[in-house]
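Asker: My structure file entry05.txt, compact mmCIF, C-alpha atoms, is below:
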```
# COMPACT_ATOMS: atom_id res chain seq x y z
CA MET Z 1 28.71 -59.00 -148.09
CA ARG Z 2 26.75 -57.54 -145.18
CA ASP Z 3 24.89 -60.83 -144.68
CA SER Z 4 28.17 -62.76 -144.55
CA ASN Z 5 29.59 -60.35 -141.95
CA GLY Z 6 26.40 -60.56 -139.90
CA LYS Z 7 26.55 -64.37 -139.82
CA LEU Z 8 30.21 -64.24 -138.84
CA ALA Z 9 29.43 -61.80 -136.03
CA VAL Z 10 26.61 -64.03 -134.72
CA PHE Z 11 28.86 -67.10 -134.97
CA LEU Z 12 31.67 -65.35 -133.07
CA ALA Z 13 29.27 -64.05 -130.42
CA TRP Z 14 27.82 -67.55 -129.84
CA THR Z 15 31.31 -69.06 -129.75
CA ALA Z 16 32.43 -66.52 -127.15
CA PHE Z 17 29.23 -67.06 -125.14
CA LEU Z 18 29.63 -70.86 -125.14
CA ALA Z 19 33.30 -70.57 -124.21
CA ALA Z 20 32.44 -68.21 -121.36
CA MET Z 21 29.71 -70.57 -120.13
CA SER Z 22 32.16 -73.49 -120.05
CA ILE Z 23 34.73 -71.43 -118.09
CA TRP Z 24 32.27 -69.56 -115.84
CA PRO Z 25 31.54 -72.42 -113.39
CA GLN Z 26 35.28 -72.95 -112.85
CA GLY Z 27 35.81 -69.24 -112.28
CA LEU Z 28 32.85 -69.13 -109.91
CA ALA Z 29 34.22 -72.10 -107.98
CA ARG Z 30 37.60 -70.38 -107.70
CA ALA Z 31 35.89 -67.24 -106.42
CA PHE Z 32 34.47 -69.19 -103.50
CA GLU Z 33 37.84 -70.84 -102.75
CA TYR Z 34 39.83 -67.63 -102.30
CA GLN Z 35 41.09 -66.62 -98.88
CA LYS Z 36 39.57 -63.33 -97.81
CA VAL Z 37 42.33 -63.00 -95.22
CA GLU Z 38 45.62 -64.76 -95.93
CA PRO Z 39 47.87 -64.88 -92.85
CA LEU Z 40 51.47 -63.92 -93.58
CA LEU Z 41 53.19 -63.91 -90.21
CA ASP Z 42 52.26 -64.36 -86.56
CA THR Z 43 55.34 -64.12 -84.35
CA GLU Z 44 56.69 -62.63 -81.16
CA THR Z 45 60.35 -62.96 -82.19
CA THR Z 46 62.63 -61.79 -84.99
CA ILE Z 47 64.12 -64.11 -87.58
CA ILE Z 48 67.06 -64.79 -85.23
CA GLY Z 49 64.86 -65.44 -82.18
CA GLN Z 50 64.90 -62.02 -80.49
CA PRO Z 51 61.74 -60.89 -78.70
CA PHE Z 52 60.73 -57.41 -79.83
CA ALA Z 53 58.70 -54.48 -78.55
CA TYR Z 54 57.57 -51.29 -80.17
CA PRO Z 55 59.40 -48.14 -79.07
CA ALA Z 56 57.55 -46.43 -76.23
CA ASP Z 57 59.20 -43.01 -76.45
CA GLY Z 58 56.40 -41.24 -78.29
CA PRO Z 59 53.51 -41.59 -80.73
CA ALA Z 60 53.78 -44.52 -83.12
CA LYS Z 61 55.18 -44.09 -86.62
CA VAL Z 62 55.09 -46.58 -89.50
CA THR Z 63 57.32 -46.20 -92.55
CA SER Z 64 57.22 -48.56 -95.52
CA ASP Z 65 59.41 -49.00 -98.58
CA ILE Z 66 59.90 -51.42 -101.42
CA VAL Z 67 63.60 -52.24 -101.68
CA THR Z 68 64.88 -53.43 -105.07
CA LEU Z 69 68.25 -55.08 -105.71
CA MET Z 70 69.62 -56.28 -109.04
CA PRO Z 71 71.30 -59.71 -109.29
CA GLY Z 72 74.46 -59.76 -107.17
CA GLU Z 73 73.70 -56.39 -105.57
CA GLU Z 74 74.05 -56.12 -101.77
CA THR Z 75 72.42 -54.02 -99.08
CA GLY Z 76 75.75 -53.62 -97.30
CA TRP Z 77 76.18 -54.53 -93.64
CA HIS Z 78 73.60 -52.66 -91.59
CA GLU Z 79 71.24 -53.01 -88.63
CA HIS Z 80 67.82 -51.76 -87.62
CA HIS Z 81 67.02 -50.23 -84.25
CA VAL Z 82 63.26 -50.73 -84.58
CA PRO Z 83 61.03 -53.69 -85.50
CA LEU Z 84 60.91 -54.32 -89.24
CA PHE Z 85 58.42 -56.54 -91.06
CA GLY Z 86 59.48 -57.78 -94.50
CA TYR Z 87 57.46 -59.45 -97.27
CA MET Z 88 59.20 -60.82 -100.35
CA LEU Z 89 57.51 -59.72 -103.56
CA GLU Z 90 59.92 -60.96 -106.22
CA GLY Z 91 63.27 -62.70 -106.67
CA GLU Z 92 65.58 -64.21 -104.08
CA LEU Z 93 67.35 -62.57 -101.14
CA THR Z 94 70.01 -64.27 -99.04
CA VAL Z 95 70.76 -62.52 -95.76
CA ASP Z 96 73.96 -63.19 -93.84
CA TYR Z 97 73.47 -62.84 -90.07
CA GLY Z 98 77.12 -63.62 -89.26
CA GLU Z 99 77.37 -66.26 -86.54
CA LYS Z 100 73.55 -66.66 -86.62
CA GLY Z 101 73.82 -68.09 -90.15
CA LYS Z 102 72.33 -67.24 -93.54
CA ARG Z 103 68.71 -67.37 -94.61
CA THR Z 104 67.26 -67.24 -98.12
CA TYR Z 105 63.90 -65.60 -98.78
CA ARG Z 106 61.66 -66.03 -101.83
CA PRO Z 107 58.34 -64.52 -103.00
CA GLY Z 108 55.63 -64.95 -100.37
CA ASP Z 109 58.06 -65.25 -97.44
CA ALA Z 110 57.32 -62.96 -94.50
CA LEU Z 111 59.71 -62.14 -91.66
CA MET Z 112 60.46 -59.95 -88.67
CA GLU Z 113 64.02 -58.76 -89.25
CA ALA Z 114 66.80 -58.85 -86.67
CA ILE Z 115 66.99 -55.79 -84.38
CA ASP Z 116 70.32 -54.20 -83.43
CA TYR Z 117 72.11 -57.09 -85.11
CA PRO Z 118 74.32 -56.55 -88.20
CA HIS Z 119 73.29 -58.34 -91.38
CA ASN Z 120 73.91 -58.09 -95.13
CA GLY Z 121 71.41 -58.99 -97.87
CA VAL Z 122 72.44 -60.15 -101.34
CA ASN Z 123 70.23 -60.73 -104.38
CA THR Z 124 71.20 -64.33 -105.13
CA GLY Z 125 68.59 -64.75 -107.88
CA ASP Z 126 68.73 -64.31 -111.65
CA GLY Z 127 66.46 -61.25 -111.79
CA PRO Z 128 65.45 -58.24 -109.73
CA MET Z 129 64.65 -58.80 -106.05
CA ARG Z 130 61.87 -56.73 -104.45
CA ILE Z 131 60.89 -56.76 -100.79
CA LEU Z 132 58.28 -54.68 -98.98
CA VAL Z 133 59.70 -53.44 -95.67
CA VAL Z 134 57.61 -51.89 -92.90
CA PHE Z 135 59.43 -50.11 -90.06
CA MET Z 136 57.57 -49.72 -86.74
CA SER Z 137 59.05 -46.87 -84.73
CA SER Z 138 57.97 -43.69 -83.00
CA ILE Z 139 57.93 -40.06 -84.02
CA LYS Z 140 60.55 -39.28 -81.34
CA GLY Z 141 62.52 -42.40 -82.26
CA VAL Z 142 65.70 -42.88 -84.24
CA GLU Z 143 66.50 -40.60 -87.16
CA SER Z 144 66.97 -43.49 -89.59
CA GLU Z 145 65.45 -46.97 -89.50
CA SER Z 146 68.60 -48.56 -91.05
CA VAL Z 147 72.16 -47.68 -90.12
CA PRO Z 148 75.49 -49.02 -91.43
CA ALA Z 149 77.10 -51.57 -89.13
CA PRO Z 150 80.17 -53.82 -89.29
CA PRO Z 151 79.57 -57.59 -89.37
CA GLU Z 152 79.48 -59.41 -86.01
```
Rewrite the coordinates I just gave you, this time as structure tokens.
Answerer:
Amino acid sequence: MRDSNGKLAVFLAWTAFLAAMSIWPQGLARAFEYQKVEPLLDTETTIIGQPFAYPADGPAKVTSDIVTLMPGEETGWHEHHVPLFGYMLEGELTVDYGEKGKRTYRPGDALMEAIDYPHNGVNTGDGPMRILVVFMSSIKGVESESVPAPPE
């Protein structure tokens, strides 16, 4: 019985080795094709065309969150008083900017959100929506990066 198990182990080891050798060149090729730096966004304006500047009233402060909404869930009408970078991680988010129109974001989309302009986000997908948000403000800046606001 031991001899049979030993042969099986050698057979399985060789099979795994040969399989790895046939996959290895492809994996190696993929390793050389990856992007060490993958640009996400390079802009001087928000999603609705506003130029933006970082608050100059004190030392810089960066706050980041991952916001999750379930299907059909809304953010509620709100606005941001500081620059906000967003990067979609999962799902689908449709944002209503009132008279500026609606935009739909999907995984991999990056944006600079509207500043001092009311908007409402809705998860219009079939599953959870997750977005990384990065607020760029100052220590002496506003108390909250998002505040409720009526639609325009």
Asker: Which neighbours of Glu99 of chain Z fall inside 12 Å, counting only C-alpha atoms, when residues of the same chain fewer than 2 positions from it are skipped, and could you give them as a list of chain:residue names?
Answerer: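 The residues satisfying every condition are Z:Ile48, Z:Val95, Z:Asp96, Z:Tyr97, Z:Gly101, Z:Lys102, Z:Arg103, Z:Tyr117, Z:Pro118, Z:His119, Z:Pro151, Z:Glu152.
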Asker: Could you take the residues named above and write them with C-alpha atoms, as a PDB file, in the frame of the given file?
Answerer:
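This is the output file again_9.pdb:
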```pdb
ATOM      1  CA  ILE Z  48      67.060 -64.790 -85.230  1.00  0.00           C
ATOM      2  CA  VAL Z  95      70.760 -62.520 -95.760  1.00  0.00           C
ATOM      3  CA  ASP Z  96      73.960 -63.190 -93.840  1.00  0.00           C
ATOM      4  CA  TYR Z  97      73.470 -62.840 -90.070  1.00  0.00           C
ATOM      5  CA  GLY Z 101      73.820 -68.090 -90.150  1.00  0.00           C
ATOM      6  CA  LYS Z 102      72.330 -67.240 -93.540  1.00  0.00           C
ATOM      7  CA  ARG Z 103      68.710 -67.370 -94.610  1.00  0.00           C
ATOM      8  CA  TYR Z 117      72.110 -57.090 -85.110  1.00  0.00           C
ATOM      9  CA  PRO Z 118      74.320 -56.550 -88.200  1.00  0.00           C
ATOM     10  CA  HIS Z 119      73.290 -58.340 -91.380  1.00  0.00           C
ATOM     11  CA  PRO Z 151      79.570 -57.590 -89.370  1.00  0.00           C
ATOM     12  CA  GLU Z 152      79.480 -59.410 -86.010  1.00  0.00           C
TER      13      GLU Z 152
END
```
Asker: Using all atoms listed in the file, determine which residues lie at most 6 Å from Thr46 of chain Z, disregarding the query and same-chain residues fewer than 5 positions distant; provide the list as an MDAnalysis selection string.
Answerer: chainID Z and resid 112:114
Asker: Measuring atom to atom with all atoms listed in the file, identify which of Z:Gly6, Z:Arg130, Z:Thr15, Z:Thr94 is nearest to Ile66 of chain Z.
Answerer: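 Distance minimum relative to Ile66 of chain Z lands on Z:Arg130.
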Asker: Counting all atoms listed in the file, which residue out of Z:Val122, Z:Val62, Z:Met136, Z:Ala9 sits closest to Leu93 of chain Z?
Answerer: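 Selected residue with least distance to Leu93 of chain Z: Z:Val122.
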Asker: How many Å separate atom CA of Thr45 of chain Z from atom CA of Met88 of chain Z?
Answerer: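 Computing it gives 18.3 Å between the two atoms.
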Asker: With 12 Å as the cut-off and only C-alpha atoms counted, what is the closest atom pair between each nearby residue of segment 82-139 of chain Z and segment 52-57 of chain Z? Distances in Å to one decimal, ordered by chain and number, as CSV.
Answerer:
```
residue,atom,partner,partner_atom,distance
Z:Val82,CA,Z:Pro55,CA,7.2
Z:Pro83,CA,Z:Phe52,CA,6.8
Z:Leu84,CA,Z:Phe52,CA,9.9
Z:Phe85,CA,Z:Phe52,CA,11.5
Z:Met112,CA,Z:Phe52,CA,9.2
Z:Glu113,CA,Z:Phe52,CA,10.1
Z:Ala114,CA,Z:Phe52,CA,9.3
Z:Ile115,CA,Z:Phe52,CA,7.9
Z:Asp116,CA,Z:Phe52,CA,10.7
Z:Phe135,CA,Z:Tyr54,CA,10.1
Z:Met136,CA,Z:Tyr54,CA,6.8
Z:Ser137,CA,Z:Pro55,CA,5.8
Z:Ser138,CA,Z:Pro55,CA,6.1
Z:Ile139,CA,Z:Asp57,CA,8.2
```
Asker: Could you please determine the separation between atom CA of Val37 of chain Z and atom CA of Thr104 of chain Z in Å, to one decimal place?
Answerer: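 Going from atom CA of Val37 of chain Z over to atom CA of Thr104 of chain Z, I get 25.5 Å.
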Asker: Between Z:Thr124, Z:Lys100, Z:Glu38, Z:Pro59, single out the one closest to Glu74 of chain Z, counting all atoms listed in the file.
Answerer: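 Closest to Glu74 of chain Z of all the choices is Z:Thr124.
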Asker: Give me, please, the distance in Å between atom CA of Gly108 of chain Z and atom CA of Val133 of chain Z, quoted to one decimal.
Answerer: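 Going from atom CA of Gly108 of chain Z over to atom CA of Val133 of chain Z, I get 13.1 Å.
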Asker: Rank Z:Thr43, Z:Glu92, Z:Lys7, Z:Val134 by their smallest atom-to-atom distance to His80 of chain Z, using all atoms listed in the file, and report the top residue only.
Answerer: Z:Val134
